[in-house]
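> Below is run.cif; it holds mmCIF, C-alpha atoms.
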```cif
data_data
loop_
_atom_site.label_atom_id
_atom_site.label_comp_id
_atom_site.auth_asym_id
_atom_site.auth_seq_id
_atom_site.Cartn_x
_atom_site.Cartn_y
_atom_site.Cartn_z
CA MET A 1 -80.97 7.05 -157.06
CA ASP A 2 -78.22 5.77 -159.38
CA PHE A 3 -78.97 3.20 -162.09
CA LEU A 4 -76.32 0.52 -162.72
CA ARG A 5 -76.69 -1.39 -166.00
CA PRO A 6 -74.12 -4.18 -166.41
CA ALA A 7 -73.82 -5.87 -169.80
CA SER A 8 -72.65 -9.24 -168.47
CA TRP A 9 -72.97 -11.42 -165.40
CA GLU A 10 -69.36 -10.71 -164.46
CA GLU A 11 -70.04 -6.97 -164.59
CA ALA A 12 -73.14 -7.47 -162.44
CA LEU A 13 -71.16 -9.32 -159.78
CA ALA A 14 -68.47 -6.63 -159.80
CA ALA A 15 -71.12 -3.92 -159.43
CA LYS A 16 -72.78 -5.76 -156.54
CA ALA A 17 -69.40 -6.18 -154.84
CA GLU A 18 -68.68 -2.47 -155.20
CA HIS A 19 -72.20 -1.44 -154.15
CA PRO A 20 -73.54 -4.11 -151.75
CA THR A 21 -76.70 -2.07 -151.05
CA ALA A 22 -77.67 -2.03 -154.74
CA VAL A 23 -81.12 -3.54 -155.30
CA PRO A 24 -81.29 -5.94 -158.27
CA ILE A 25 -84.11 -5.34 -160.73
CA ALA A 26 -85.12 -7.62 -163.61
CA GLY A 27 -88.87 -7.99 -164.04
CA GLY A 28 -89.37 -5.18 -161.56
CA THR A 29 -92.82 -6.42 -160.55
CA ASP A 30 -91.96 -6.25 -156.85
CA VAL A 31 -89.29 -3.56 -156.69
CA MET A 32 -91.14 -0.95 -158.75
CA VAL A 33 -94.27 -1.27 -156.62
CA GLU A 34 -92.25 -0.50 -153.49
CA ILE A 35 -90.50 2.43 -155.18
CA ASN A 36 -93.72 3.85 -156.65
CA PHE A 37 -95.40 3.81 -153.23
CA ASP A 38 -92.26 5.30 -151.66
CA HIS A 39 -91.84 2.26 -149.41
CA ARG A 40 -88.27 1.91 -150.60
CA ARG A 41 -85.71 4.36 -151.92
CA PRO A 42 -82.47 2.48 -152.65
CA GLU A 43 -79.28 4.34 -153.37
CA TYR A 44 -78.57 2.10 -156.37
CA LEU A 45 -80.69 0.00 -158.71
CA LEU A 46 -78.85 -2.86 -160.42
CA ASP A 47 -80.54 -3.57 -163.75
CA LEU A 48 -80.07 -7.22 -164.84
CA ASN A 49 -82.17 -7.08 -168.00
CA ARG A 50 -79.20 -7.10 -170.39
CA ILE A 51 -77.98 -10.46 -169.05
CA ASP A 52 -79.66 -12.99 -171.35
CA GLU A 53 -78.43 -16.08 -169.51
CA LEU A 54 -80.72 -15.26 -166.59
CA THR A 55 -83.73 -15.93 -168.84
CA GLU A 56 -82.50 -19.38 -169.91
CA TRP A 57 -83.15 -22.81 -168.42
CA GLU A 58 -81.56 -26.24 -168.74
CA VAL A 59 -83.41 -29.53 -168.35
CA GLY A 60 -81.01 -32.15 -167.05
CA GLN A 61 -81.47 -35.82 -166.34
CA GLU A 62 -82.60 -35.26 -162.75
CA SER A 63 -83.23 -31.55 -162.34
CA VAL A 64 -83.99 -28.24 -164.02
CA ARG A 65 -81.64 -25.29 -163.73
CA LEU A 66 -83.96 -22.32 -163.96
CA GLY A 67 -82.42 -18.92 -164.66
CA ALA A 68 -83.40 -16.30 -162.09
CA SER A 69 -85.27 -14.19 -164.66
CA VAL A 70 -87.11 -16.94 -166.57
CA PRO A 71 -90.63 -15.48 -166.74
CA TYR A 72 -93.57 -17.30 -165.21
CA SER A 73 -95.20 -17.53 -168.65
CA ALA A 74 -92.24 -19.58 -169.92
CA ILE A 75 -92.50 -21.96 -166.96
CA MET A 76 -96.19 -22.44 -167.70
CA GLU A 77 -95.56 -23.08 -171.40
CA HIS A 78 -92.36 -25.10 -171.41
CA LEU A 79 -91.83 -26.74 -167.99
CA ARG A 80 -95.28 -27.99 -167.05
CA THR A 81 -94.16 -31.64 -167.20
CA GLU A 82 -90.87 -31.22 -165.32
CA LEU A 83 -92.10 -28.67 -162.75
CA PRO A 84 -95.89 -29.11 -162.46
CA GLY A 85 -96.22 -27.52 -159.02
CA LEU A 86 -94.31 -24.40 -160.04
CA ALA A 87 -96.25 -24.21 -163.31
CA LEU A 88 -99.54 -24.27 -161.38
CA ALA A 89 -98.24 -21.57 -159.03
CA SER A 90 -97.18 -19.48 -162.04
CA HIS A 91 -100.76 -19.54 -163.31
CA THR A 92 -101.88 -17.68 -160.18
CA VAL A 93 -99.39 -14.81 -160.53
CA ALA A 94 -101.15 -11.51 -161.18
CA SER A 95 -101.89 -10.82 -164.87
CA PRO A 96 -100.49 -12.06 -168.21
CA GLN A 97 -98.37 -8.92 -168.46
CA ILE A 98 -96.75 -9.53 -165.08
CA ARG A 99 -96.31 -13.25 -165.80
CA ASN A 100 -94.38 -12.22 -168.91
CA ARG A 101 -92.05 -10.04 -166.82
CA GLY A 102 -91.74 -11.54 -163.36
CA GLY A 103 -89.57 -14.52 -162.45
CA VAL A 104 -88.77 -16.83 -159.57
CA GLY A 105 -85.54 -14.98 -158.78
CA GLY A 106 -87.52 -11.87 -157.94
CA ASN A 107 -89.83 -13.81 -155.62
CA LEU A 108 -86.80 -15.24 -153.84
CA GLY A 109 -84.99 -11.92 -153.62
CA THR A 110 -88.02 -10.17 -152.14
CA ALA A 111 -88.66 -13.18 -149.84
CA SER A 112 -92.20 -12.05 -149.07
CA PRO A 113 -94.15 -14.78 -147.26
CA ALA A 114 -96.92 -14.17 -149.82
CA GLY A 115 -94.72 -14.86 -152.88
CA ASP A 116 -96.55 -17.29 -155.12
CA ALA A 117 -93.52 -19.43 -156.05
CA HIS A 118 -92.38 -20.24 -152.51
CA PRO A 119 -94.78 -23.10 -151.59
CA ALA A 120 -94.00 -24.91 -154.84
CA LEU A 121 -90.24 -24.49 -154.37
CA LEU A 122 -90.44 -25.80 -150.79
CA ALA A 123 -92.53 -28.79 -151.84
CA ALA A 124 -90.15 -29.64 -154.68
CA GLY A 125 -87.02 -29.27 -152.53
CA ALA A 126 -85.27 -26.59 -154.61
CA GLU A 127 -81.81 -25.08 -154.19
CA VAL A 128 -80.91 -21.45 -154.83
CA GLU A 129 -77.71 -20.80 -156.79
CA ALA A 130 -76.15 -17.66 -155.30
CA GLU A 131 -72.97 -16.10 -156.65
CA SER A 132 -70.58 -13.28 -155.86
CA VAL A 133 -67.08 -12.37 -156.95
CA ARG A 134 -65.98 -14.74 -154.16
CA GLY A 135 -67.61 -17.79 -155.71
CA THR A 136 -70.82 -19.79 -156.07
CA ARG A 137 -72.86 -21.72 -153.52
CA LEU A 138 -76.13 -23.64 -153.45
CA ILE A 139 -78.54 -22.71 -150.65
CA PRO A 140 -81.20 -25.33 -149.78
CA ILE A 141 -84.63 -23.76 -150.00
CA ASP A 142 -85.35 -24.76 -146.38
CA ALA A 143 -82.47 -22.53 -145.24
CA PHE A 144 -83.14 -19.63 -147.62
CA TYR A 145 -85.89 -17.76 -145.77
CA THR A 146 -84.52 -16.16 -142.61
CA GLY A 147 -87.27 -13.70 -141.60
CA VAL A 148 -89.99 -11.41 -142.87
CA LYS A 149 -88.75 -10.38 -146.33
CA ARG A 150 -85.25 -11.53 -145.41
CA ASN A 151 -83.17 -14.25 -147.01
CA ALA A 152 -79.82 -15.99 -146.66
CA LEU A 153 -78.03 -14.00 -149.38
CA GLU A 154 -74.86 -12.17 -148.42
CA PRO A 155 -74.76 -8.44 -149.29
CA ASP A 156 -72.52 -9.04 -152.31
CA GLU A 157 -74.44 -12.04 -153.69
CA LEU A 158 -76.92 -12.27 -156.54
CA ILE A 159 -79.31 -15.09 -157.43
CA ARG A 160 -78.18 -16.67 -160.68
CA ALA A 161 -80.52 -19.66 -160.91
CA VAL A 162 -82.71 -22.10 -159.04
CA HIS A 163 -82.12 -25.86 -159.19
CA ILE A 164 -85.34 -27.88 -158.95
CA LYS A 165 -85.61 -31.66 -159.11
CA LYS A 166 -87.80 -32.89 -161.93
CA ALA A 167 -91.13 -34.19 -160.65
CA ASP A 168 -91.14 -37.93 -160.00
CA GLY A 169 -94.78 -37.83 -158.90
CA PRO A 170 -97.85 -35.59 -158.92
CA GLN A 171 -97.66 -32.04 -157.56
CA GLN A 172 -100.41 -29.57 -156.74
CA TYR A 173 -100.77 -25.94 -155.72
CA SER A 174 -103.70 -24.06 -154.25
CA LYS A 175 -104.14 -20.38 -153.43
CA VAL A 176 -106.82 -18.37 -151.62
CA GLY A 177 -107.27 -14.76 -152.70
CA THR A 178 -109.84 -12.03 -152.31
CA ARG A 179 -110.55 -12.29 -156.05
CA ASN A 180 -109.57 -14.55 -158.95
CA ALA A 181 -106.69 -12.52 -160.41
CA MET A 182 -104.29 -9.65 -159.66
CA VAL A 183 -104.30 -10.52 -155.98
CA ILE A 184 -101.78 -11.17 -153.21
CA ALA A 185 -102.39 -14.55 -151.58
CA VAL A 186 -104.41 -14.69 -148.39
CA CYS A 187 -102.69 -18.06 -148.04
CA ALA A 188 -101.32 -20.74 -150.34
CA PHE A 189 -100.36 -24.40 -150.15
CA GLY A 190 -98.13 -26.61 -152.29
CA LEU A 191 -97.77 -30.38 -152.11
CA ALA A 192 -95.51 -32.80 -153.96
CA LEU A 193 -95.48 -36.59 -153.89
CA HIS A 194 -92.03 -38.14 -154.28
CA PRO A 195 -92.67 -41.85 -154.96
CA GLU A 196 -89.00 -42.60 -155.58
CA THR A 197 -88.21 -41.84 -151.94
CA ARG A 198 -91.72 -42.56 -150.60
CA THR A 199 -91.97 -39.06 -149.17
CA VAL A 200 -94.30 -36.10 -149.31
CA ARG A 201 -93.21 -32.46 -149.08
CA THR A 202 -95.31 -29.37 -148.51
CA GLY A 203 -95.04 -25.60 -148.71
CA ILE A 204 -97.19 -22.93 -147.06
CA GLY A 205 -97.34 -19.30 -148.14
CA SER A 206 -98.74 -16.16 -146.50
CA ALA A 207 -99.58 -17.92 -143.23
CA ALA A 208 -96.37 -17.36 -141.22
CA PRO A 209 -93.57 -14.77 -141.07
CA THR A 210 -91.76 -16.76 -143.78
CA PRO A 211 -92.76 -19.45 -146.26
CA VAL A 212 -92.70 -22.72 -144.30
CA ARG A 213 -93.16 -26.45 -144.62
CA ALA A 214 -95.70 -28.39 -142.58
CA LYS A 215 -93.06 -30.79 -141.29
CA GLU A 216 -95.18 -32.54 -138.66
CA ALA A 217 -97.88 -33.12 -141.26
CA GLU A 218 -95.28 -34.51 -143.66
CA ALA A 219 -93.85 -36.85 -141.02
CA PHE A 220 -97.31 -38.11 -140.08
CA LEU A 221 -98.32 -38.71 -143.69
CA ASN A 222 -95.01 -40.34 -144.63
CA ALA A 223 -95.41 -42.79 -141.76
CA ALA A 224 -99.09 -43.45 -142.49
CA LEU A 225 -98.48 -44.14 -146.18
CA GLU A 226 -95.54 -46.42 -145.43
CA GLU A 227 -97.18 -48.38 -142.62
CA GLY A 228 -100.41 -48.79 -144.55
CA GLY A 229 -98.71 -49.96 -147.74
CA PHE A 230 -100.33 -47.16 -149.72
CA TRP A 231 -97.41 -46.58 -152.07
CA GLU A 232 -97.46 -50.18 -153.29
CA SER A 233 -101.21 -50.71 -153.36
CA GLY A 234 -102.31 -47.28 -154.51
CA LYS A 235 -105.42 -47.66 -152.39
CA ILE A 236 -107.52 -44.68 -151.40
CA ILE A 237 -106.21 -42.66 -148.46
CA THR A 238 -108.65 -42.94 -145.58
CA PRO A 239 -110.61 -39.87 -144.40
CA ALA A 240 -109.00 -40.17 -140.96
CA ILE A 241 -105.50 -39.86 -142.42
CA ALA A 242 -106.52 -36.93 -144.62
CA LYS A 243 -108.18 -35.18 -141.70
CA GLN A 244 -105.14 -35.54 -139.44
CA PHE A 245 -102.82 -34.38 -142.22
CA ALA A 246 -104.99 -31.29 -142.71
CA ALA A 247 -105.05 -30.55 -138.98
CA LEU A 248 -101.27 -30.80 -138.70
CA ALA A 249 -100.80 -28.60 -141.77
CA SER A 250 -103.09 -26.00 -140.20
CA GLY A 251 -101.06 -26.23 -137.01
CA ALA A 252 -97.86 -25.38 -138.88
CA CYS A 253 -99.18 -21.89 -139.56
CA ASN A 254 -98.30 -18.81 -137.54
CA PRO A 255 -100.42 -16.19 -139.31
CA ILE A 256 -101.49 -12.65 -138.57
CA ASP A 257 -104.69 -10.66 -138.97
CA ASP A 258 -104.48 -8.14 -141.81
CA VAL A 259 -106.63 -6.50 -144.46
CA ARG A 260 -106.69 -9.67 -146.57
CA GLY A 261 -107.81 -12.12 -143.88
CA THR A 262 -107.75 -13.13 -140.24
CA ALA A 263 -105.31 -15.53 -138.66
CA LYS A 264 -108.17 -17.89 -137.84
CA TYR A 265 -109.33 -17.93 -141.44
CA ARG A 266 -105.81 -18.56 -142.74
CA ARG A 267 -105.34 -21.58 -140.47
CA HIS A 268 -108.69 -22.96 -141.53
CA ALA A 269 -108.03 -22.38 -145.23
CA VAL A 270 -104.59 -24.01 -145.12
CA GLY A 271 -106.16 -27.12 -143.59
CA ILE A 272 -108.76 -27.23 -146.36
CA MET A 273 -106.13 -26.78 -149.07
CA ALA A 274 -103.93 -29.46 -147.51
CA ARG A 275 -106.75 -31.98 -147.56
CA ARG A 276 -107.80 -31.12 -151.10
CA THR A 277 -104.31 -31.10 -152.61
CA LEU A 278 -103.60 -34.43 -150.94
CA GLY A 279 -106.75 -35.84 -152.53
CA TRP A 280 -105.88 -34.44 -155.95
CA THR A 281 -102.27 -35.63 -155.97
CA TRP A 282 -103.14 -39.08 -154.65
CA GLU A 283 -105.83 -39.55 -157.28
CA GLN A 284 -103.26 -38.61 -159.93
CA TYR A 285 -100.84 -41.14 -158.46
CA ARG A 286 -103.48 -43.88 -158.38
CA GLY A 287 -104.73 -43.00 -161.86
CA ALA A 288 -101.25 -43.28 -163.30
CA GLY A 289 -100.91 -46.75 -161.74
CA ARG A 290 -97.56 -45.77 -160.29
CA THR A 291 -95.88 -47.89 -157.70
CA LEU A 292 -92.50 -47.25 -156.15
CA GLU A 293 -90.94 -49.81 -158.46
CA GLY A 294 -92.62 -48.29 -161.50
CA ALA A 295 -91.51 -44.79 -160.62
CA ALA A 296 -87.87 -45.70 -159.96
#
```
Output the file's structure in the form of structure tokens.


Amino acid sequence: MDFLRPASWEEALAAKAEHPTAVPIAGGTDVMVEINFDHRRPEYLLDLNRIDELTEWEVGQESVRLGASVPYSAIMEHLRTELPGLALASHTVASPQIRNRGGVGGNLGTASPAGDAHPALLAAGAEVEAESVRGTRLIPIDAFYTGVKRNALEPDELIRAVHIKKADGPQQYSKVGTRNAMVIAVCAFGLALHPETRTVRTGIGSAAPTPVRAKEAEAFLNAALEEGGFWESGKIITPAIAKQFAALASGACNPIDDVRGTAKYRRHAVGIMARRTLGWTWEQYRGAGRTLEGAA
């Protein structure tokens, strides 16, 4: 196994173009596990740790440009207001040591359905900034996951950053695990209210071959909130609406039985998390006294 260690982003892109099979490594919290257990033996490792710009972020007027290697601990500490859903998800990642090393770019590169960041990124409507020597493109998060641990990156592309819209409403994240820390998700659920557009977005992790959105649940809830005048009035969402939203979210799953949980349990748990996160986010919205006009 050869170890490539570029000193700049341009050198990294050139190395990836020359060695398309090279596996990028930054935090190493996913890659090293696979190598240590002999599940993966790449011909080349592409070390990105000397490229400081990957650990930087920019807060713009409407969105945050998050470097691929910004550690989860930094998101928790510095971006809780702008990216509350992702900050909550970051809290659930492994241990403090791993949160200080791992970043969202690694989660995206691995594209495991159990990656903790994916539900929050789906709910927020993120875009992945991919680059090669041929140029740069933005990949909508909905189009990024193409299969089990597969993504839309071309062989010569690297993830440079993630663009995430700043929260315009409450966001929540919930995760079920076999213990409270250092655990891969049995299933996870993210939800974001977007009062400016009167929409709700979701994200489901570890309950399908890829991270997915509960699109039918979103469509139902968007229509129910609009037709019932909930955005303007801020009134309590009825139990019937919450129950149907939960059922549709559960129906969006396509899980498997494995050592962490059964498919039946995962469907059930996603429904519970959907109902609870809806309740939490809506109470935050009501408590803030936010109407569409006030949020715009």

> Using the chain letters and numbering of this document, enumerate as a list in words the residues selected by the PyMOL selection byres ((chain A and resi 50) around 12).

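When the PyMOL selection byres ((chain A and resi 50) around 12) is applied, the selected residues are Leu4, Arg5, Pro6, Ala7, Ser8, Trp9, Glu11, Ala12, Ile25, Ala26, Gly27, Leu46, Asp47, Leu48, Asn49, Ile51, Asp52, Glu53, Leu54, Thr55 and Ser69 of chain A.
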
> Do you have the CA of His39 (chain A)-CA of Gly102 (chain A) distance handy?

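Separation between CA of His39 (chain A) and CA of Gly102 (chain A): 19.6 Å.
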
> Translate the PyMOL selection byres ((chain A and resi 170-180) around 6), as applied to the file shown, into an explicit residue set as JSON, numbers by chain.

{"A": [84, 85, 169, 181, 185, 186, 187, 188, 189, 190, 191, 192, 193, 277, 281]}

> Please produce a file of the residues just selected, as a short mmCIF file (atom, residue, chain, number, x, y, z; two decimals), keeping the file's coordinate frame, where the atoms kept are C-alpha atoms.


```
data_model
loop_
_atom_site.label_atom_id
_atom_site.label_comp_id
_atom_site.auth_asym_id
_atom_site.auth_seq_id
_atom_site.Cartn_x
_atom_site.Cartn_y
_atom_site.Cartn_z
CA PRO A 84 -95.89 -29.11 -162.46
CA GLY A 85 -96.22 -27.52 -159.02
CA GLY A 169 -94.78 -37.83 -158.90
CA ALA A 181 -106.69 -12.52 -160.41
CA ALA A 185 -102.39 -14.55 -151.58
CA VAL A 186 -104.41 -14.69 -148.39
CA CYS A 187 -102.69 -18.06 -148.04
CA ALA A 188 -101.32 -20.74 -150.34
CA PHE A 189 -100.36 -24.40 -150.15
CA GLY A 190 -98.13 -26.61 -152.29
CA LEU A 191 -97.77 -30.38 -152.11
CA ALA A 192 -95.51 -32.80 -153.96
CA LEU A 193 -95.48 -36.59 -153.89
CA THR A 277 -104.31 -31.10 -152.61
CA THR A 281 -102.27 -35.63 -155.97
#
```

> Pick the closest to Pro42 (chain A) from A:Pro211, A:Gly60, A:Pro24, A:Gly109: which is it, counting only C-alpha atoms?

A:Pro24

> Just the number, please: distance in Å from CA of Thr81 (chain A) to CA of Val64 (chain A), one decimal.

11.2 Å
